[in-house]
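A.B. asks: File name data33.json; file contents JSON, N, CA and C atoms and all ligand atoms; full text below.
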```json
[["chain", "number", "residue", "atom", "x", "y", "z"],
["A", 1, "MET", "N", 0.83, -1.20, 0.00],
["A", 1, "MET", "CA", 0.00, 0.00, 0.00],
["A", 1, "MET", "C", 0.87, 1.25, 0.00],
["A", 2, "TYR", "N", 0.25, 2.32, -0.39],
["A", 2, "TYR", "CA", 0.98, 3.57, -0.44],
["A", 2, "TYR", "C", 0.16, 4.64, 0.27],
["A", 3, "CYS", "N", 0.80, 5.40, 1.14],
["A", 3, "CYS", "CA", 0.10, 6.47, 1.84],
["A", 3, "CYS", "C", 0.37, 7.78, 1.11],
["A", 4, "MET", "N", -0.64, 8.26, 0.43],
["A", 4, "MET", "CA", -0.48, 9.49, -0.34],
["A", 4, "MET", "C", -0.32, 10.70, 0.58],
["A", 5, "CYS", "N", -0.98, 10.66, 1.72],
["A", 5, "CYS", "CA", -0.91, 11.79, 2.65],
["A", 5, "CYS", "C", 0.51, 11.98, 3.19],
["A", 6, "SER", "N", 1.22, 10.86, 3.33],
["A", 6, "SER", "CA", 2.57, 10.93, 3.87],
["A", 6, "SER", "C", 3.62, 10.86, 2.77],
["A", 7, "ASP", "N", 3.18, 10.58, 1.54],
["A", 7, "ASP", "CA", 4.07, 10.36, 0.43],
["A", 7, "ASP", "C", 5.10, 9.27, 0.74],
["A", 8, "LYS", "N", 4.60, 8.20, 1.34],
["A", 8, "LYS", "CA", 5.47, 7.06, 1.67],
["A", 8, "LYS", "C", 4.72, 5.77, 1.42],
["A", 9, "SER", "N", 5.47, 4.76, 1.05],
["A", 9, "SER", "CA", 4.84, 3.45, 0.93],
["A", 9, "SER", "C", 4.84, 2.80, 2.31],
["A", 10, "PHE", "N", 3.95, 1.84, 2.47],
["A", 10, "PHE", "CA", 3.92, 1.12, 3.74],
["A", 10, "PHE", "C", 5.27, 0.46, 4.00],
["A", 11, "SER", "N", 5.91, -0.03, 2.95],
["A", 11, "SER", "CA", 7.19, -0.69, 3.20],
["A", 11, "SER", "C", 8.24, 0.29, 3.71],
["A", 12, "ASP", "N", 8.16, 1.56, 3.28],
["A", 12, "ASP", "CA", 9.07, 2.57, 3.85],
["A", 12, "ASP", "C", 8.81, 2.74, 5.33],
["A", 13, "ILE", "N", 7.54, 2.88, 5.66],
["A", 13, "ILE", "CA", 7.16, 3.11, 7.06],
["A", 13, "ILE", "C", 7.55, 1.90, 7.91],
["A", 14, "ILE", "N", 7.32, 0.71, 7.37],
["A", 14, "ILE", "CA", 7.65, -0.52, 8.09],
["A", 14, "ILE", "C", 9.17, -0.62, 8.26],
["A", 15, "ASP", "N", 9.89, -0.15, 7.26],
["A", 15, "ASP", "CA", 11.34, -0.16, 7.34],
["A", 15, "ASP", "C", 11.84, 0.74, 8.48],
["A", 16, "TYR", "N", 11.27, 1.95, 8.57],
["A", 16, "TYR", "CA", 11.65, 2.85, 9.67],
["A", 16, "TYR", "C", 11.34, 2.21, 11.01],
["A", 17, "GLN", "N", 10.15, 1.61, 11.08],
["A", 17, "GLN", "CA", 9.70, 1.04, 12.34],
["A", 17, "GLN", "C", 10.57, -0.15, 12.74],
["A", 18, "SER", "N", 11.04, -0.90, 11.76],
["A", 18, "SER", "CA", 11.86, -2.06, 12.10],
["A", 18, "SER", "C", 13.24, -1.64, 12.59],
["A", 19, "LYS", "N", 13.64, -0.40, 12.24],
["A", 19, "LYS", "CA", 14.95, 0.09, 12.71],
["A", 19, "LYS", "C", 14.86, 0.70, 14.09],
["A", 20, "ALA", "N", 13.74, 1.31, 14.39],
["A", 20, "ALA", "CA", 13.55, 1.93, 15.70],
["A", 20, "ALA", "C", 12.09, 1.79, 16.08],
["A", 21, "LEU", "N", 11.87, 0.82, 16.92],
["A", 21, "LEU", "CA", 10.50, 0.50, 17.32],
["A", 21, "LEU", "C", 9.90, 1.64, 18.14],
["A", 22, "LEU", "N", 8.85, 2.25, 17.61],
["A", 22, "LEU", "CA", 8.20, 3.34, 18.31],
["A", 22, "LEU", "C", 6.78, 2.93, 18.70],
["A", 23, "PRO", "N", 6.25, 3.52, 19.74],
["A", 23, "PRO", "CA", 4.83, 3.32, 20.00],
["A", 23, "PRO", "C", 4.02, 3.78, 18.79],
["A", 24, "PHE", "N", 2.91, 3.11, 18.54],
["A", 24, "PHE", "CA", 2.19, 3.33, 17.29],
["A", 24, "PHE", "C", 1.85, 4.80, 17.04],
["A", 25, "LYS", "N", 1.38, 5.49, 18.08],
["A", 25, "LYS", "CA", 1.00, 6.89, 17.88],
["A", 25, "LYS", "C", 2.21, 7.74, 17.55],
["A", 26, "LYS", "N", 3.34, 7.40, 18.18],
["A", 26, "LYS", "CA", 4.56, 8.15, 17.92],
["A", 26, "LYS", "C", 5.03, 7.88, 16.49],
["A", 27, "LEU", "N", 4.94, 6.65, 16.09],
["A", 27, "LEU", "CA", 5.29, 6.29, 14.72],
["A", 27, "LEU", "C", 4.47, 7.10, 13.72],
["A", 28, "LEU", "N", 3.18, 7.18, 13.98],
["A", 28, "LEU", "CA", 2.32, 7.95, 13.07],
["A", 28, "LEU", "C", 2.79, 9.40, 13.01],
["A", 29, "ASN", "N", 3.16, 9.94, 14.15],
["A", 29, "ASN", "CA", 3.58, 11.34, 14.19],
["A", 29, "ASN", "C", 4.95, 11.54, 13.56],
["A", 30, "GLU", "N", 5.86, 10.58, 13.78],
["A", 30, "GLU", "CA", 7.23, 10.77, 13.32],
["A", 30, "GLU", "C", 7.41, 10.43, 11.84],
["A", 31, "TYR", "N", 6.77, 9.34, 11.42],
["A", 31, "TYR", "CA", 7.05, 8.83, 10.08],
["A", 31, "TYR", "C", 5.96, 9.11, 9.07],
["A", 32, "THR", "N", 4.78, 9.50, 9.54],
["A", 32, "THR", "CA", 3.67, 9.67, 8.61],
["A", 32, "THR", "C", 2.92, 10.96, 8.91],
["A", 33, "ASN", "N", 2.01, 11.29, 8.03],
["A", 33, "ASN", "CA", 1.09, 12.40, 8.29],
["A", 33, "ASN", "C", -0.31, 11.89, 8.56],
["A", 34, "CYS", "N", -0.42, 10.58, 8.73],
["A", 34, "CYS", "CA", -1.74, 9.96, 8.83],
["A", 34, "CYS", "C", -2.58, 10.56, 9.96],
["A", 35, "ALA", "N", -1.93, 10.83, 11.08],
["A", 35, "ALA", "CA", -2.70, 11.26, 12.26],
["A", 35, "ALA", "C", -2.77, 12.78, 12.37],
["A", 36, "THR", "N", -2.10, 13.48, 11.47],
["A", 36, "THR", "CA", -2.11, 14.95, 11.57],
["A", 36, "THR", "C", -2.85, 15.55, 10.38],
["A", 37, "THR", "N", -2.15, 15.77, 9.29],
["A", 37, "THR", "CA", -2.79, 16.39, 8.13],
["A", 37, "THR", "C", -3.38, 15.36, 7.17],
["A", 38, "GLY", "N", -3.06, 14.06, 7.42],
["A", 38, "GLY", "CA", -3.53, 13.02, 6.51],
["A", 38, "GLY", "C", -4.99, 12.70, 6.69],
["A", 39, "CYS", "N", -5.48, 11.88, 5.77],
["A", 39, "CYS", "CA", -6.90, 11.51, 5.80],
["A", 39, "CYS", "C", -7.18, 10.46, 6.86],
["A", 40, "GLY", "N", -6.13, 9.76, 7.30],
["A", 40, "GLY", "CA", -6.29, 8.79, 8.37],
["A", 40, "GLY", "C", -6.68, 7.40, 7.91],
["A", 41, "SER", "N", -6.88, 7.24, 6.63],
["A", 41, "SER", "CA", -7.35, 5.93, 6.16],
["A", 41, "SER", "C", -6.27, 4.86, 6.28],
["A", 42, "CYS", "N", -5.03, 5.26, 6.46],
["A", 42, "CYS", "CA", -3.94, 4.28, 6.56],
["A", 42, "CYS", "C", -3.75, 3.74, 7.96],
["A", 43, "ILE", "N", -4.30, 4.40, 8.93],
["A", 43, "ILE", "CA", -3.99, 4.04, 10.31],
["A", 43, "ILE", "C", -4.32, 2.59, 10.60],
["A", 44, "GLU", "N", -5.52, 2.19, 10.24],
["A", 44, "GLU", "CA", -5.93, 0.83, 10.57],
["A", 44, "GLU", "C", -5.15, -0.22, 9.78],
["A", 45, "PRO", "N", -5.09, -0.13, 8.46],
["A", 45, "PRO", "CA", -4.30, -1.14, 7.73],
["A", 45, "PRO", "C", -2.83, -1.15, 8.12],
["A", 46, "LEU", "N", -2.29, 0.00, 8.45],
["A", 46, "LEU", "CA", -0.89, 0.05, 8.87],
["A", 46, "LEU", "C", -0.72, -0.66, 10.21],
["A", 47, "GLN", "N", -1.65, -0.43, 11.10],
["A", 47, "GLN", "CA", -1.59, -1.09, 12.40],
["A", 47, "GLN", "C", -1.66, -2.60, 12.24],
["A", 48, "ILE", "N", -2.53, -3.06, 11.34],
["A", 48, "ILE", "CA", -2.69, -4.49, 11.11],
["A", 48, "ILE", "C", -1.40, -5.08, 10.54],
["A", 49, "GLU", "N", -0.80, -4.37, 9.57],
["A", 49, "GLU", "CA", 0.44, -4.89, 8.98],
["A", 49, "GLU", "C", 1.56, -4.98, 10.01],
["A", 50, "LEU", "N", 1.67, -3.94, 10.84],
["A", 50, "LEU", "CA", 2.72, -3.94, 11.85],
["A", 50, "LEU", "C", 2.48, -5.03, 12.88],
["A", 51, "GLU", "N", 1.21, -5.25, 13.19],
["A", 51, "GLU", "CA", 0.86, -6.30, 14.13],
["A", 51, "GLU", "C", 1.31, -7.65, 13.59],
["A", 52, "GLN", "N", 1.01, -7.87, 12.32],
["A", 52, "GLN", "CA", 1.35, -9.14, 11.69],
["A", 52, "GLN", "C", 2.86, -9.36, 11.64],
["A", 53, "LEU", "N", 3.60, -8.27, 11.52],
["A", 53, "LEU", "CA", 5.05, -8.37, 11.45],
["A", 53, "LEU", "C", 5.69, -8.30, 12.83],
["A", 54, "ASP", "N", 4.84, -8.20, 13.84],
["A", 54, "ASP", "CA", 5.32, -8.11, 15.21],
["A", 54, "ASP", "C", 6.17, -6.87, 15.42],
["A", 55, "LEU", "N", 5.79, -5.78, 14.78],
["A", 55, "LEU", "CA", 6.54, -4.53, 14.89],
["A", 55, "LEU", "C", 5.73, -3.46, 15.62],
["A", 56, "LEU", "N", 4.74, -3.90, 16.33],
["A", 56, "LEU", "CA", 3.89, -2.94, 17.01],
["A", 56, "LEU", "C", 4.33, -2.85, 18.46],
["A", 57, "SER", "N", 4.89, -1.71, 18.79],
["A", 57, "SER", "CA", 5.29, -1.49, 20.17],
["A", 57, "SER", "C", 4.08, -1.01, 20.96],
["A", 58, "ILE", "N", 3.81, -1.72, 22.03],
["A", 58, "ILE", "CA", 2.64, -1.37, 22.83],
["A", 58, "ILE", "C", 2.98, -0.18, 23.72],
["A", 59, "GLU", "N", 2.13, 0.82, 23.65],
["A", 59, "GLU", "CA", 2.36, 2.00, 24.47],
["A", 59, "GLU", "C", 2.13, 1.67, 25.94],
["A", 60, "SER", "N", 2.93, 2.29, 26.79],
["A", 60, "SER", "CA", 2.82, 1.97, 28.21],
["A", 60, "SER", "C", 1.45, 2.33, 28.74],
["A", 61, "SER", "N", 0.78, 1.31, 29.13],
["A", 61, "SER", "CA", -0.58, 1.47, 29.64],
["A", 61, "SER", "C", -0.91, 0.25, 30.49],
["A", 62, "THR", "N", -1.67, 0.45, 31.52],
["A", 62, "THR", "CA", -2.07, -0.67, 32.34],
["A", 62, "THR", "C", -3.33, -1.31, 31.79],
["A", 63, "ASP", "N", -3.88, -0.67, 30.79],
["A", 63, "ASP", "CA", -5.12, -1.15, 30.21],
["A", 63, "ASP", "C", -4.82, -2.29, 29.24],
["A", 64, "ALA", "N", -5.39, -3.42, 29.46],
["A", 64, "ALA", "CA", -5.10, -4.58, 28.62],
["A", 64, "ALA", "C", -6.01, -4.64, 27.39],
["A", 65, "GLY", "N", -6.92, -3.72, 27.27],
["A", 65, "GLY", "CA", -7.85, -3.78, 26.17],
["A", 65, "GLY", "C", -7.26, -3.14, 24.98],
["A", 101, "LIG", "S1", -3.48, 8.05, 2.41],
["A", 101, "LIG", "FE1", -2.49, 7.50, 4.25],
["A", 101, "LIG", "S2", -3.33, 8.78, 5.75],
["A", 101, "LIG", "FE2", -4.29, 9.40, 3.92]]
```
Take the structure from the file and write it as structure tokens.
C.D. replies:
Amino acid sequence: MYCMCSDKSFSDIIDYQSKALLPFKKLLNEYTNCATTGCGSCIEPLQIELEQLDLLSIESSTDAG
């Protein structure tokens, strides 16, 4: 997939994430525009891809949900 809002392909974003594992929200802020000026349509598929690749860093939270 390609994120037009961030002008990056998912593989670019996944590549950054594999080099420095960031919490998902931070990743969106640092590597993409999805959560800021972007349309946001990439957030869910990106999260799923990262989950599948085991590259999703869980943000510190006591909430297990
Ligand atoms: S196309 Fe990726 S956030 Fe809009």
A.B. asks: Within 5 Å of ligand LIG 101 (chain A), counting all atoms listed in the file: which residues, as an NGL selection string?
C.D. replies: :A and (3-5 or 34 or 38-42)
A.B. asks: Please, which residues of chain A, numbered as in this document, come out strand (DSSP E) from DSSP, as a VMD selection string?
C.D. replies: chain A and resid 2 to 3 8 to 9
A.B. asks: Do a neighbour search on A:Leu27 at 12 Å with only C-alpha atoms, toss out local chain neighbours closer than 4 positions, and write the hits as a CSV table (one decimal) with N, CA and C atoms, in the coordinates of the input.
C.D. replies:
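To be explicit, this is the file written out as result.csv:
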```csv
chain,number,residue,atom,x,y,z
A,13,ILE,N,7.5,2.9,5.7
A,13,ILE,CA,7.2,3.1,7.1
A,13,ILE,C,7.6,1.9,7.9
A,14,ILE,N,7.3,0.7,7.4
A,14,ILE,CA,7.6,-0.5,8.1
A,14,ILE,C,9.2,-0.6,8.3
A,15,ASP,N,9.9,-0.2,7.3
A,15,ASP,CA,11.3,-0.2,7.3
A,15,ASP,C,11.8,0.7,8.5
A,16,TYR,N,11.3,2.0,8.6
A,16,TYR,CA,11.6,2.8,9.7
A,16,TYR,C,11.3,2.2,11.0
A,17,GLN,N,10.2,1.6,11.1
A,17,GLN,CA,9.7,1.0,12.3
A,17,GLN,C,10.6,-0.2,12.7
A,18,SER,N,11.0,-0.9,11.8
A,18,SER,CA,11.9,-2.1,12.1
A,18,SER,C,13.2,-1.6,12.6
A,19,LYS,N,13.6,-0.4,12.2
A,19,LYS,CA,15.0,0.1,12.7
A,19,LYS,C,14.9,0.7,14.1
A,20,ALA,N,13.7,1.3,14.4
A,20,ALA,CA,13.6,1.9,15.7
A,20,ALA,C,12.1,1.8,16.1
A,21,LEU,N,11.9,0.8,16.9
A,21,LEU,CA,10.5,0.5,17.3
A,21,LEU,C,9.9,1.6,18.1
A,22,LEU,N,8.8,2.2,17.6
A,22,LEU,CA,8.2,3.3,18.3
A,22,LEU,C,6.8,2.9,18.7
A,23,PRO,N,6.2,3.5,19.7
A,23,PRO,CA,4.8,3.3,20.0
A,23,PRO,C,4.0,3.8,18.8
A,31,TYR,N,6.8,9.3,11.4
A,31,TYR,CA,7.0,8.8,10.1
A,31,TYR,C,6.0,9.1,9.1
A,32,THR,N,4.8,9.5,9.5
A,32,THR,CA,3.7,9.7,8.6
A,32,THR,C,2.9,11.0,8.9
A,33,ASN,N,2.0,11.3,8.0
A,33,ASN,CA,1.1,12.4,8.3
A,33,ASN,C,-0.3,11.9,8.6
A,34,CYS,N,-0.4,10.6,8.7
A,34,CYS,CA,-1.7,10.0,8.8
A,34,CYS,C,-2.6,10.6,10.0
A,35,ALA,N,-1.9,10.8,11.1
A,35,ALA,CA,-2.7,11.3,12.3
A,35,ALA,C,-2.8,12.8,12.4
A,36,THR,N,-2.1,13.5,11.5
A,36,THR,CA,-2.1,15.0,11.6
A,36,THR,C,-2.8,15.6,10.4
A,43,ILE,N,-4.3,4.4,8.9
A,43,ILE,CA,-4.0,4.0,10.3
A,43,ILE,C,-4.3,2.6,10.6
A,46,LEU,N,-2.3,0.0,8.4
A,46,LEU,CA,-0.9,0.0,8.9
A,46,LEU,C,-0.7,-0.7,10.2
A,47,GLN,N,-1.6,-0.4,11.1
A,47,GLN,CA,-1.6,-1.1,12.4
A,47,GLN,C,-1.7,-2.6,12.2
A,50,LEU,N,1.7,-3.9,10.8
A,50,LEU,CA,2.7,-3.9,11.8
A,50,LEU,C,2.5,-5.0,12.9
A,55,LEU,N,5.8,-5.8,14.8
A,55,LEU,CA,6.5,-4.5,14.9
A,55,LEU,C,5.7,-3.5,15.6
A,56,LEU,N,4.7,-3.9,16.3
A,56,LEU,CA,3.9,-2.9,17.0
A,56,LEU,C,4.3,-2.8,18.5
A,57,SER,N,4.9,-1.7,18.8
A,57,SER,CA,5.3,-1.5,20.2
A,57,SER,C,4.1,-1.0,21.0
A,58,ILE,N,3.8,-1.7,22.0
A,58,ILE,CA,2.6,-1.4,22.8
A,58,ILE,C,3.0,-0.2,23.7
A,59,GLU,N,2.1,0.8,23.6
A,59,GLU,CA,2.4,2.0,24.5
A,59,GLU,C,2.1,1.7,25.9
```
A.B. asks: Apply DSSP to the backbone of this structure and, from chain A, keep only the residues in helix (DSSP H, G or I); write these as a PyMOL selection string.
C.D. replies: chain A and resi 10-19+24-31+43-52
A.B. asks: Would you work out the distance separating atom CA of A:Phe10 from atom C of A:Lys25, expressed in Å to one decimal?
C.D. replies: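 Atom C of A:Lys25 lies 15.4 Å from atom CA of A:Phe10.
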A.B. asks: Please, what is the axis-aligned box for every listed atom of stretch 30-46 of chain A with 5 Å on each side, as centre and edge lengths in Å to one decimal, as AutoDock Vina command-line options?
C.D. replies:
```
--center_x 0.0 --center_y 7.6 --center_z 9.8 --size_x 24.8 --size_y 27.5 --size_z 18.0
```
A.B. asks: Please indicate the distance in Å from atom N of A:Phe24 to atom N of A:Asp7, rounded to one decimal place.
C.D. replies: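 Rounded to one decimal, the two atoms are 18.6 Å apart.
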A.B. asks: Atom C of A:Thr37 and atom C of A:Gln52, how far apart in Å?
C.D. replies: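 Answer for the atom C of A:Gln52 to atom C of A:Thr37 separation: 25.9 Å.
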